[in-house]
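Data block for final.txt (compact mmCIF, N, CA and C atoms):
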# COMPACT_ATOMS: atom_id res chain seq x y z
N MET A 1 -2.67 -31.28 32.10
CA MET A 1 -2.13 -31.62 33.41
C MET A 1 -0.73 -31.02 33.50
N GLY A 2 -0.42 -30.28 34.56
CA GLY A 2 0.87 -29.65 34.75
C GLY A 2 1.90 -30.61 35.32
N THR A 3 3.18 -30.22 35.23
CA THR A 3 4.26 -31.01 35.78
C THR A 3 4.70 -30.38 37.09
N SER A 4 4.80 -31.18 38.13
CA SER A 4 5.24 -30.70 39.42
C SER A 4 6.65 -30.13 39.31
N SER A 5 6.90 -28.98 39.93
CA SER A 5 8.24 -28.40 39.88
C SER A 5 9.27 -29.32 40.53
N ALA A 6 8.85 -30.20 41.44
CA ALA A 6 9.78 -31.14 42.06
C ALA A 6 10.29 -32.16 41.06
N LEU A 7 9.56 -32.38 39.96
CA LEU A 7 9.98 -33.36 38.96
C LEU A 7 10.85 -32.76 37.87
N LEU A 8 10.94 -31.45 37.78
CA LEU A 8 11.65 -30.83 36.67
C LEU A 8 13.10 -31.26 36.53
N PRO A 9 13.88 -31.49 37.61
CA PRO A 9 15.24 -31.96 37.37
C PRO A 9 15.31 -33.33 36.73
N PHE A 10 14.22 -34.07 36.71
CA PHE A 10 14.25 -35.44 36.24
C PHE A 10 13.47 -35.66 34.96
N ILE A 11 12.53 -34.81 34.64
CA ILE A 11 11.74 -34.93 33.41
C ILE A 11 11.92 -33.63 32.66
N GLY A 12 12.63 -33.67 31.53
CA GLY A 12 12.93 -32.43 30.83
C GLY A 12 12.26 -32.37 29.48
N GLN A 13 11.31 -31.47 29.31
CA GLN A 13 10.77 -31.20 27.98
C GLN A 13 11.40 -29.89 27.56
N GLN A 14 12.24 -29.95 26.54
CA GLN A 14 13.07 -28.82 26.21
C GLN A 14 13.10 -28.58 24.71
N SER A 15 13.39 -27.35 24.35
CA SER A 15 13.73 -27.05 22.97
C SER A 15 14.73 -25.91 22.99
N GLY A 16 15.53 -25.81 21.95
CA GLY A 16 16.56 -24.79 21.91
C GLY A 16 17.72 -25.13 22.82
N THR A 17 18.54 -24.13 23.17
CA THR A 17 19.76 -24.40 23.91
C THR A 17 19.62 -24.25 25.41
N ASP A 18 18.52 -23.71 25.91
CA ASP A 18 18.37 -23.53 27.34
C ASP A 18 17.08 -24.13 27.83
N ALA A 19 17.18 -24.96 28.86
CA ALA A 19 16.00 -25.51 29.50
C ALA A 19 15.38 -24.44 30.37
N PRO A 20 14.10 -24.55 30.73
CA PRO A 20 13.45 -23.54 31.55
C PRO A 20 13.86 -23.61 33.01
N TYR A 21 14.70 -24.53 33.37
CA TYR A 21 15.18 -24.68 34.74
C TYR A 21 16.68 -24.93 34.68
N GLY A 22 17.34 -25.00 35.80
CA GLY A 22 18.80 -25.08 35.82
C GLY A 22 19.38 -26.44 35.59
N GLY A 23 18.60 -27.40 35.14
CA GLY A 23 19.06 -28.77 35.07
C GLY A 23 19.77 -29.13 33.79
N HIS A 24 19.10 -29.74 32.86
CA HIS A 24 19.74 -30.42 31.76
C HIS A 24 19.73 -29.59 30.49
N ALA A 25 20.42 -28.49 30.49
CA ALA A 25 20.48 -27.64 29.30
C ALA A 25 21.79 -27.89 28.58
N ALA A 26 21.76 -27.94 27.28
CA ALA A 26 22.97 -28.19 26.50
C ALA A 26 23.35 -26.94 25.73
N GLY A 27 23.46 -25.83 26.39
CA GLY A 27 23.82 -24.58 25.76
C GLY A 27 25.33 -24.47 25.59
N PRO A 28 25.81 -23.32 25.20
CA PRO A 28 27.23 -23.15 24.94
C PRO A 28 28.09 -23.16 26.20
N SER A 29 27.50 -22.97 27.36
CA SER A 29 28.24 -22.94 28.62
C SER A 29 28.26 -24.33 29.24
N TRP A 30 29.26 -24.58 30.09
CA TRP A 30 29.33 -25.85 30.80
C TRP A 30 28.73 -25.75 32.18
N ARG A 31 28.03 -24.69 32.51
CA ARG A 31 27.35 -24.63 33.81
C ARG A 31 26.37 -25.77 33.92
N ASP A 32 26.26 -26.29 35.10
CA ASP A 32 25.29 -27.33 35.39
C ASP A 32 25.60 -28.68 34.77
N ILE A 33 26.88 -28.99 34.60
CA ILE A 33 27.24 -30.38 34.36
C ILE A 33 26.99 -31.06 35.69
N ILE A 34 26.32 -32.16 35.68
CA ILE A 34 25.87 -32.75 36.93
C ILE A 34 26.58 -34.07 37.18
N GLN A 35 27.10 -34.24 38.38
CA GLN A 35 27.61 -35.54 38.81
C GLN A 35 26.63 -36.09 39.82
N PHE A 36 26.20 -37.29 39.61
CA PHE A 36 25.25 -37.90 40.51
C PHE A 36 26.03 -38.56 41.64
N THR A 37 25.77 -38.16 42.87
CA THR A 37 26.55 -38.59 44.01
C THR A 37 25.81 -39.64 44.82
N GLU A 38 26.33 -39.93 45.99
CA GLU A 38 25.75 -40.93 46.88
C GLU A 38 25.68 -42.29 46.22
N SER A 39 26.65 -42.59 45.37
CA SER A 39 26.76 -43.90 44.70
C SER A 39 25.57 -44.24 43.81
N ALA A 40 24.87 -43.25 43.30
CA ALA A 40 23.71 -43.50 42.44
C ALA A 40 24.16 -43.76 41.00
N SER A 41 23.72 -44.85 40.46
CA SER A 41 23.85 -45.12 39.03
C SER A 41 22.50 -44.76 38.41
N GLY A 42 22.46 -44.65 37.11
CA GLY A 42 21.18 -44.26 36.52
C GLY A 42 21.10 -44.54 35.04
N ALA A 43 20.00 -44.06 34.49
CA ALA A 43 19.74 -44.17 33.06
C ALA A 43 18.77 -43.08 32.67
N PHE A 44 18.81 -42.71 31.39
CA PHE A 44 17.77 -41.82 30.87
C PHE A 44 17.31 -42.38 29.53
N GLY A 45 16.03 -42.27 29.31
CA GLY A 45 15.44 -42.71 28.05
C GLY A 45 14.83 -41.52 27.34
N VAL A 46 14.92 -41.54 26.04
CA VAL A 46 14.34 -40.46 25.23
C VAL A 46 12.96 -40.92 24.76
N ALA A 47 11.94 -40.30 25.33
CA ALA A 47 10.56 -40.66 25.02
C ALA A 47 10.07 -39.97 23.75
N PHE A 48 10.68 -38.82 23.42
CA PHE A 48 10.25 -38.06 22.25
C PHE A 48 11.41 -37.18 21.82
N GLY A 49 11.67 -37.11 20.53
CA GLY A 49 12.69 -36.23 20.01
C GLY A 49 14.08 -36.84 20.04
N GLU A 50 15.07 -35.96 20.09
CA GLU A 50 16.47 -36.36 20.07
C GLU A 50 17.25 -35.44 21.00
N LEU A 51 18.15 -35.99 21.79
CA LEU A 51 18.93 -35.21 22.75
C LEU A 51 20.41 -35.44 22.56
N ARG A 52 21.21 -34.51 23.02
CA ARG A 52 22.66 -34.67 23.01
C ARG A 52 23.14 -34.75 24.45
N GLU A 53 23.96 -35.77 24.72
CA GLU A 53 24.60 -35.90 26.02
C GLU A 53 26.04 -35.44 25.88
N THR A 54 26.46 -34.52 26.73
CA THR A 54 27.82 -34.02 26.75
C THR A 54 28.46 -34.48 28.05
N MET A 55 29.66 -35.07 27.95
CA MET A 55 30.33 -35.66 29.10
C MET A 55 31.72 -35.09 29.29
N ALA A 56 32.17 -35.08 30.54
CA ALA A 56 33.52 -34.63 30.87
C ALA A 56 33.94 -35.31 32.17
N ALA A 57 35.21 -35.13 32.54
CA ALA A 57 35.74 -35.72 33.77
C ALA A 57 36.41 -34.63 34.59
N VAL A 58 36.32 -34.75 35.91
CA VAL A 58 37.00 -33.81 36.80
C VAL A 58 38.49 -33.86 36.51
N GLY A 59 39.14 -32.69 36.44
CA GLY A 59 40.57 -32.61 36.19
C GLY A 59 40.94 -32.63 34.72
N SER A 60 39.96 -32.61 33.83
CA SER A 60 40.22 -32.65 32.40
C SER A 60 39.40 -31.57 31.69
N THR A 61 39.96 -31.06 30.60
CA THR A 61 39.20 -30.12 29.76
C THR A 61 38.62 -30.84 28.54
N LYS A 62 38.86 -32.13 28.42
CA LYS A 62 38.33 -32.91 27.29
C LYS A 62 36.83 -33.11 27.45
N VAL A 63 36.10 -32.92 26.35
CA VAL A 63 34.66 -33.06 26.31
C VAL A 63 34.30 -34.05 25.21
N SER A 64 33.35 -34.93 25.48
CA SER A 64 32.85 -35.82 24.44
C SER A 64 31.33 -35.72 24.39
N GLN A 65 30.77 -36.06 23.23
CA GLN A 65 29.33 -35.95 23.05
C GLN A 65 28.81 -37.18 22.34
N ARG A 66 27.55 -37.48 22.59
CA ARG A 66 26.84 -38.52 21.86
C ARG A 66 25.38 -38.12 21.74
N THR A 67 24.73 -38.65 20.72
CA THR A 67 23.33 -38.34 20.47
C THR A 67 22.47 -39.48 20.99
N ALA A 68 21.39 -39.12 21.65
CA ALA A 68 20.41 -40.10 22.13
C ALA A 68 19.12 -39.85 21.34
N ALA A 69 18.75 -40.82 20.54
CA ALA A 69 17.58 -40.69 19.67
C ALA A 69 16.33 -41.22 20.36
N HIS A 70 15.18 -40.88 19.80
CA HIS A 70 13.89 -41.34 20.30
C HIS A 70 13.94 -42.86 20.48
N GLY A 71 13.52 -43.31 21.66
CA GLY A 71 13.49 -44.74 21.96
C GLY A 71 14.76 -45.29 22.57
N SER A 72 15.84 -44.50 22.59
CA SER A 72 17.10 -45.00 23.15
C SER A 72 17.12 -44.87 24.67
N VAL A 73 17.90 -45.73 25.30
CA VAL A 73 18.13 -45.68 26.74
C VAL A 73 19.64 -45.66 26.96
N THR A 74 20.13 -44.71 27.75
CA THR A 74 21.54 -44.59 28.06
C THR A 74 21.75 -44.85 29.54
N ARG A 75 22.61 -45.81 29.87
CA ARG A 75 22.92 -46.14 31.26
C ARG A 75 24.25 -45.53 31.65
N PHE A 76 24.42 -45.22 32.96
CA PHE A 76 25.68 -44.65 33.43
C PHE A 76 25.90 -45.00 34.89
N GLY A 77 27.18 -44.98 35.29
CA GLY A 77 27.57 -45.26 36.66
C GLY A 77 27.61 -44.01 37.51
N ALA A 78 27.91 -44.18 38.79
CA ALA A 78 27.84 -43.09 39.75
C ALA A 78 28.88 -41.99 39.50
N SER A 79 29.97 -42.28 38.84
CA SER A 79 31.00 -41.26 38.63
C SER A 79 30.82 -40.50 37.32
N HIS A 80 29.74 -40.74 36.62
CA HIS A 80 29.47 -40.14 35.31
C HIS A 80 29.07 -38.67 35.45
N LEU A 81 29.79 -37.78 34.80
CA LEU A 81 29.43 -36.36 34.76
C LEU A 81 28.88 -36.05 33.38
N HIS A 82 27.69 -35.45 33.35
CA HIS A 82 27.11 -35.16 32.04
C HIS A 82 26.06 -34.06 32.15
N LYS A 83 25.67 -33.60 31.00
CA LYS A 83 24.47 -32.79 30.86
C LYS A 83 23.76 -33.28 29.62
N VAL A 84 22.46 -33.21 29.65
CA VAL A 84 21.64 -33.70 28.56
C VAL A 84 20.77 -32.54 28.10
N GLY A 85 20.74 -32.30 26.81
CA GLY A 85 19.93 -31.19 26.33
C GLY A 85 19.51 -31.36 24.89
N ASN A 86 18.60 -30.52 24.50
CA ASN A 86 18.03 -30.51 23.18
C ASN A 86 18.64 -29.36 22.40
N LEU A 87 19.30 -29.66 21.30
CA LEU A 87 19.93 -28.62 20.50
C LEU A 87 19.05 -28.14 19.35
N SER A 88 17.90 -28.75 19.18
CA SER A 88 17.03 -28.35 18.07
C SER A 88 15.86 -27.52 18.59
N ALA A 89 15.10 -26.97 17.66
CA ALA A 89 13.91 -26.20 18.03
C ALA A 89 12.72 -27.12 18.28
N ALA A 90 12.83 -28.38 17.89
CA ALA A 90 11.75 -29.34 18.10
C ALA A 90 11.74 -29.81 19.56
N PRO A 91 10.58 -30.06 20.13
CA PRO A 91 10.52 -30.52 21.52
C PRO A 91 11.14 -31.91 21.69
N ALA A 92 11.61 -32.16 22.90
CA ALA A 92 12.14 -33.47 23.26
C ALA A 92 11.78 -33.75 24.71
N VAL A 93 11.58 -35.02 25.04
CA VAL A 93 11.23 -35.42 26.40
C VAL A 93 12.14 -36.57 26.80
N SER A 94 12.73 -36.45 28.00
CA SER A 94 13.56 -37.53 28.53
C SER A 94 13.06 -37.89 29.92
N VAL A 95 13.23 -39.17 30.27
CA VAL A 95 12.86 -39.67 31.59
C VAL A 95 14.12 -40.24 32.22
N HIS A 96 14.43 -39.80 33.45
CA HIS A 96 15.66 -40.19 34.15
C HIS A 96 15.31 -41.00 35.38
N ALA A 97 16.12 -42.04 35.65
CA ALA A 97 15.90 -42.87 36.83
C ALA A 97 17.25 -43.14 37.50
N TYR A 98 17.27 -43.19 38.84
CA TYR A 98 18.50 -43.37 39.61
C TYR A 98 18.30 -44.38 40.71
N SER A 99 19.36 -45.12 41.03
CA SER A 99 19.31 -46.04 42.14
C SER A 99 20.68 -46.11 42.80
N PRO A 100 20.75 -45.93 44.12
CA PRO A 100 19.64 -45.56 44.99
C PRO A 100 19.15 -44.15 44.65
N PRO A 101 18.00 -43.74 45.20
CA PRO A 101 17.47 -42.41 44.90
C PRO A 101 18.52 -41.32 45.17
N LEU A 102 18.50 -40.28 44.35
CA LEU A 102 19.48 -39.20 44.50
C LEU A 102 19.31 -38.47 45.83
N ALA A 103 20.41 -38.28 46.52
CA ALA A 103 20.42 -37.47 47.73
C ALA A 103 21.04 -36.11 47.44
N ALA A 104 21.92 -36.04 46.43
CA ALA A 104 22.60 -34.78 46.10
C ALA A 104 23.06 -34.82 44.65
N MET A 105 23.26 -33.62 44.08
CA MET A 105 23.84 -33.48 42.75
C MET A 105 24.91 -32.40 42.83
N ARG A 106 26.07 -32.69 42.30
CA ARG A 106 27.14 -31.69 42.22
C ARG A 106 27.10 -31.05 40.85
N ARG A 107 27.20 -29.72 40.82
CA ARG A 107 27.16 -28.97 39.56
C ARG A 107 28.52 -28.35 39.33
N TYR A 108 29.03 -28.51 38.11
CA TYR A 108 30.36 -28.07 37.75
C TYR A 108 30.31 -27.05 36.62
N GLU A 109 31.41 -26.32 36.48
CA GLU A 109 31.59 -25.38 35.38
C GLU A 109 32.95 -25.66 34.77
N MET A 110 33.03 -25.63 33.43
CA MET A 110 34.31 -25.85 32.77
C MET A 110 35.14 -24.57 32.85
N THR A 111 36.37 -24.71 33.32
CA THR A 111 37.33 -23.60 33.38
C THR A 111 38.52 -23.96 32.49
N ALA A 112 39.47 -23.06 32.37
CA ALA A 112 40.66 -23.30 31.55
C ALA A 112 41.46 -24.51 32.05
N SER A 113 41.37 -24.82 33.34
CA SER A 113 42.13 -25.95 33.89
C SER A 113 41.27 -27.20 34.10
N GLY A 114 40.01 -27.16 33.71
CA GLY A 114 39.15 -28.32 33.85
C GLY A 114 37.89 -27.99 34.62
N LEU A 115 37.13 -29.01 34.98
CA LEU A 115 35.88 -28.80 35.69
C LEU A 115 36.12 -28.29 37.11
N ALA A 116 35.32 -27.31 37.52
CA ALA A 116 35.39 -26.76 38.88
C ALA A 116 34.01 -26.88 39.51
N LEU A 117 33.96 -27.34 40.74
CA LEU A 117 32.70 -27.47 41.45
C LEU A 117 32.09 -26.10 41.69
N VAL A 118 30.83 -25.93 41.30
CA VAL A 118 30.11 -24.66 41.49
C VAL A 118 29.26 -24.75 42.75
N ARG A 119 28.52 -25.84 42.91
CA ARG A 119 27.68 -26.00 44.09
C ARG A 119 27.21 -27.45 44.19
N THR A 120 26.69 -27.79 45.35
CA THR A 120 26.07 -29.08 45.56
C THR A 120 24.62 -28.84 45.96
N ASP A 121 23.70 -29.44 45.21
CA ASP A 121 22.27 -29.35 45.51
C ASP A 121 21.85 -30.61 46.24
N ARG A 122 21.01 -30.47 47.25
CA ARG A 122 20.57 -31.60 48.08
C ARG A 122 19.06 -31.83 47.92
N ALA A 123 18.69 -33.11 47.84
CA ALA A 123 17.28 -33.49 47.72
C ALA A 123 16.52 -32.99 48.94
N GLY A 124 15.33 -32.46 48.70
CA GLY A 124 14.50 -31.95 49.79
C GLY A 124 14.82 -30.53 50.18
N LEU A 125 15.98 -30.03 49.79
CA LEU A 125 16.35 -28.65 50.10
C LEU A 125 16.41 -27.79 48.84
N ASP A 126 17.05 -28.29 47.80
CA ASP A 126 17.29 -27.50 46.59
C ASP A 126 16.41 -27.92 45.42
N TRP A 127 15.77 -29.05 45.50
CA TRP A 127 14.81 -29.48 44.48
C TRP A 127 13.77 -30.35 45.10
Go through the file and emit its structure as structure tokens.
Amino acid sequence: MGTSSALLPFIGQQSGTDAPYGGHAAGPSWRDIIQFTESASGAFGVAFGELRETMAAVGSTKVSQRTAAHGSVTRFGASHLHKVGNLSAAPAVSVHAYSPPLAAMRRYEMTASGLALVRTDRAGLDW
């Protein structure tokens, strides 16, 4: 059974440093750090494998990381900026949930002076 392309930003089966889509890749670049907007809080659970969550804040160049192991659930508030990815060659699967439903996602890139907004993706238009 295939996965709908509409679900790819929310269900990531990944290996290595780049996901097959522009969402939750934990490669060497900070492209696609995602801030969940419209006051959405959320959580992600690791259904299989192990993932690394990398976090940062607007206006700062400081980066922090944590590992999410199989069976773990990580909760976050609406102002949380992060990317989630698989740094190993082994597959990993994560399931993400948001409330209220996502209307938009802001994507940032790390620059010498901190995070810079790259684009805003809107539900129904960009995914």
Find the nearest atom pair between each residue of stretch 33-64 of chain A and stretch 89-106 of chain A for residues within 6 Å, count all atoms listed in the file, give distances in Å to one decimal, sort rows by chain and ascending number, and present the table as JSON lines.
{"residue": "A:Ile33", "atom": "C", "partner": "A:Arg106", "partner_atom": "C", "distance": 5.2}
{"residue": "A:Ile34", "atom": "CA", "partner": "A:Arg106", "partner_atom": "C", "distance": 4.4}
{"residue": "A:Gln35", "atom": "N", "partner": "A:Arg106", "partner_atom": "C", "distance": 4.0}
{"residue": "A:Phe36", "atom": "CA", "partner": "A:Met105", "partner_atom": "CA", "distance": 5.2}
{"residue": "A:Thr37", "atom": "N", "partner": "A:Ala104", "partner_atom": "C", "distance": 4.7}
{"residue": "A:Glu38", "atom": "N", "partner": "A:Ala104", "partner_atom": "N", "distance": 5.9}
{"residue": "A:Ser39", "atom": "C", "partner": "A:Pro100", "partner_atom": "N", "distance": 5.1}
{"residue": "A:Ala40", "atom": "CA", "partner": "A:Ser99", "partner_atom": "C", "distance": 4.0}
{"residue": "A:Ser41", "atom": "N", "partner": "A:Ser99", "partner_atom": "C", "distance": 4.0}
{"residue": "A:Gly42", "atom": "CA", "partner": "A:Tyr98", "partner_atom": "CA", "distance": 4.2}
{"residue": "A:Ala43", "atom": "C", "partner": "A:Ala97", "partner_atom": "N", "distance": 4.1}
{"residue": "A:Phe44", "atom": "CA", "partner": "A:Val95", "partner_atom": "C", "distance": 4.2}
{"residue": "A:Gly45", "atom": "N", "partner": "A:Val95", "partner_atom": "C", "distance": 4.0}
{"residue": "A:Val46", "atom": "CA", "partner": "A:Ser94", "partner_atom": "CA", "distance": 4.5}
{"residue": "A:Ala47", "atom": "N", "partner": "A:Val93", "partner_atom": "C", "distance": 4.0}
{"residue": "A:Phe48", "atom": "C", "partner": "A:Val93", "partner_atom": "N", "distance": 3.9}
{"residue": "A:Gly49", "atom": "CA", "partner": "A:Ala92", "partner_atom": "CA", "distance": 4.3}
{"residue": "A:Glu50", "atom": "N", "partner": "A:Ala92", "partner_atom": "CA", "distance": 5.0}
Output, as AutoDock Vina command-line options, the centre and edge lengths in Å (one decimal) of the axis-aligned box that contains all listed atoms of stretch 120-127 of chain A with 5 Å of margin on each side.
--center_x 20.2 --center_y -30.5 --center_z 47.3 --size_x 22.9 --size_y 16.0 --size_z 15.7
Subject >> Long-range neighbours of A:Arg107 as a ChimeraX atom specification, 5 Å cut-off, all atoms listed in the file, 3 positions minimum in chain >> reply: /A:32-34,117-120
Residues as selected, N, CA and C atoms, written as a PDB file, in the coordinates of the input, can you do that?
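And here's again-v2.pdb as it stands now:
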ATOM      1  N   ASP A  32      26.260 -26.290  35.100  1.00  0.00           N
ATOM      2  CA  ASP A  32      25.290 -27.330  35.390  1.00  0.00           C
ATOM      3  C   ASP A  32      25.600 -28.680  34.770  1.00  0.00           C
ATOM      4  N   ILE A  33      26.880 -28.990  34.600  1.00  0.00           N
ATOM      5  CA  ILE A  33      27.240 -30.380  34.360  1.00  0.00           C
ATOM      6  C   ILE A  33      26.990 -31.060  35.690  1.00  0.00           C
ATOM      7  N   ILE A  34      26.320 -32.160  35.680  1.00  0.00           N
ATOM      8  CA  ILE A  34      25.870 -32.750  36.930  1.00  0.00           C
ATOM      9  C   ILE A  34      26.580 -34.070  37.180  1.00  0.00           C
ATOM     10  N   LEU A 117      33.960 -27.340  40.740  1.00  0.00           N
ATOM     11  CA  LEU A 117      32.700 -27.470  41.450  1.00  0.00           C
ATOM     12  C   LEU A 117      32.090 -26.100  41.690  1.00  0.00           C
ATOM     13  N   VAL A 118      30.830 -25.930  41.300  1.00  0.00           N
ATOM     14  CA  VAL A 118      30.110 -24.660  41.490  1.00  0.00           C
ATOM     15  C   VAL A 118      29.260 -24.750  42.750  1.00  0.00           C
ATOM     16  N   ARG A 119      28.520 -25.840  42.910  1.00  0.00           N
ATOM     17  CA  ARG A 119      27.680 -26.000  44.090  1.00  0.00           C
ATOM     18  C   ARG A 119      27.210 -27.450  44.190  1.00  0.00           C
ATOM     19  N   THR A 120      26.690 -27.790  45.350  1.00  0.00           N
ATOM     20  CA  THR A 120      26.070 -29.080  45.560  1.00  0.00           C
ATOM     21  C   THR A 120      24.620 -28.840  45.960  1.00  0.00           C
TER      22      THR A 120
END
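The interatomic distance for the pair atom N of A:Thr74 and atom C of A:Ala57 works out to 20.3 Å.
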Subject >> Interatomic distance (Å, one decimal) between atom C of A:Leu51 and atom CA of A:His82 >> reply: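 Answer for the atom C of A:Leu51 to atom CA of A:His82 separation: 11.6 Å.
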Please write stretch 56-69 of chain A of the preceding block to a file containing N, CA and C atoms, as a PDB file, in the first residue's frame?
ATOM      1  N   ALA A  56      16.125  25.262  17.290  1.00  0.00           N
ATOM      2  CA  ALA A  56      16.749  26.583  17.308  1.00  0.00           C
ATOM      3  C   ALA A  56      15.662  27.620  17.559  1.00  0.00           C
ATOM      4  N   ALA A  57      16.085  28.868  17.764  1.00  0.00           N
ATOM      5  CA  ALA A  57      15.142  29.965  17.998  1.00  0.00           C
ATOM      6  C   ALA A  57      15.445  31.103  17.038  1.00  0.00           C
ATOM      7  N   VAL A  58      14.406  31.803  16.611  1.00  0.00           N
ATOM      8  CA  VAL A  58      14.588  32.964  15.741  1.00  0.00           C
ATOM      9  C   VAL A  58      15.457  33.980  16.476  1.00  0.00           C
ATOM     10  N   GLY A  59      16.426  34.576  15.763  1.00  0.00           N
ATOM     11  CA  GLY A  59      17.312  35.571  16.348  1.00  0.00           C
ATOM     12  C   GLY A  59      18.514  34.986  17.058  1.00  0.00           C
ATOM     13  N   SER A  60      18.704  33.677  16.989  1.00  0.00           N
ATOM     14  CA  SER A  60      19.816  33.026  17.665  1.00  0.00           C
ATOM     15  C   SER A  60      20.509  32.061  16.704  1.00  0.00           C
ATOM     16  N   THR A  61      21.819  31.905  16.899  1.00  0.00           N
ATOM     17  CA  THR A  61      22.559  30.904  16.130  1.00  0.00           C
ATOM     18  C   THR A  61      22.777  29.634  16.961  1.00  0.00           C
ATOM     19  N   LYS A  62      22.290  29.621  18.191  1.00  0.00           N
ATOM     20  CA  LYS A  62      22.436  28.454  19.061  1.00  0.00           C
ATOM     21  C   LYS A  62      21.520  27.329  18.591  1.00  0.00           C
ATOM     22  N   VAL A  63      22.062  26.112  18.567  1.00  0.00           N
ATOM     23  CA  VAL A  63      21.342  24.926  18.135  1.00  0.00           C
ATOM     24  C   VAL A  63      21.442  23.885  19.246  1.00  0.00           C
ATOM     25  N   SER A  64      20.337  23.199  19.513  1.00  0.00           N
ATOM     26  CA  SER A  64      20.375  22.087  20.464  1.00  0.00           C
ATOM     27  C   SER A  64      19.762  20.859  19.805  1.00  0.00           C
ATOM     28  N   GLN A  65      20.143  19.693  20.309  1.00  0.00           N
ATOM     29  CA  GLN A  65      19.663  18.442  19.724  1.00  0.00           C
ATOM     30  C   GLN A  65      19.271  17.481  20.826  1.00  0.00           C
ATOM     31  N   ARG A  66      18.352  16.596  20.492  1.00  0.00           N
ATOM     32  CA  ARG A  66      17.985  15.494  21.370  1.00  0.00           C
ATOM     33  C   ARG A  66      17.606  14.302  20.509  1.00  0.00           C
ATOM     34  N   THR A  67      17.753  13.121  21.087  1.00  0.00           N
ATOM     35  CA  THR A  67      17.446  11.890  20.378  1.00  0.00           C
ATOM     36  C   THR A  67      16.073  11.393  20.809  1.00  0.00           C
ATOM     37  N   ALA A  68      15.294  10.964  19.846  1.00  0.00           N
ATOM     38  CA  ALA A  68      13.979  10.368  20.103  1.00  0.00           C
ATOM     39  C   ALA A  68      14.067   8.901  19.695  1.00  0.00           C
ATOM     40  N   ALA A  69      13.954   8.032  20.671  1.00  0.00           N
ATOM     41  CA  ALA A  69      14.098   6.594  20.433  1.00  0.00           C
ATOM     42  C   ALA A  69      12.749   5.957  20.132  1.00  0.00           C
TER      43      ALA A  69
END
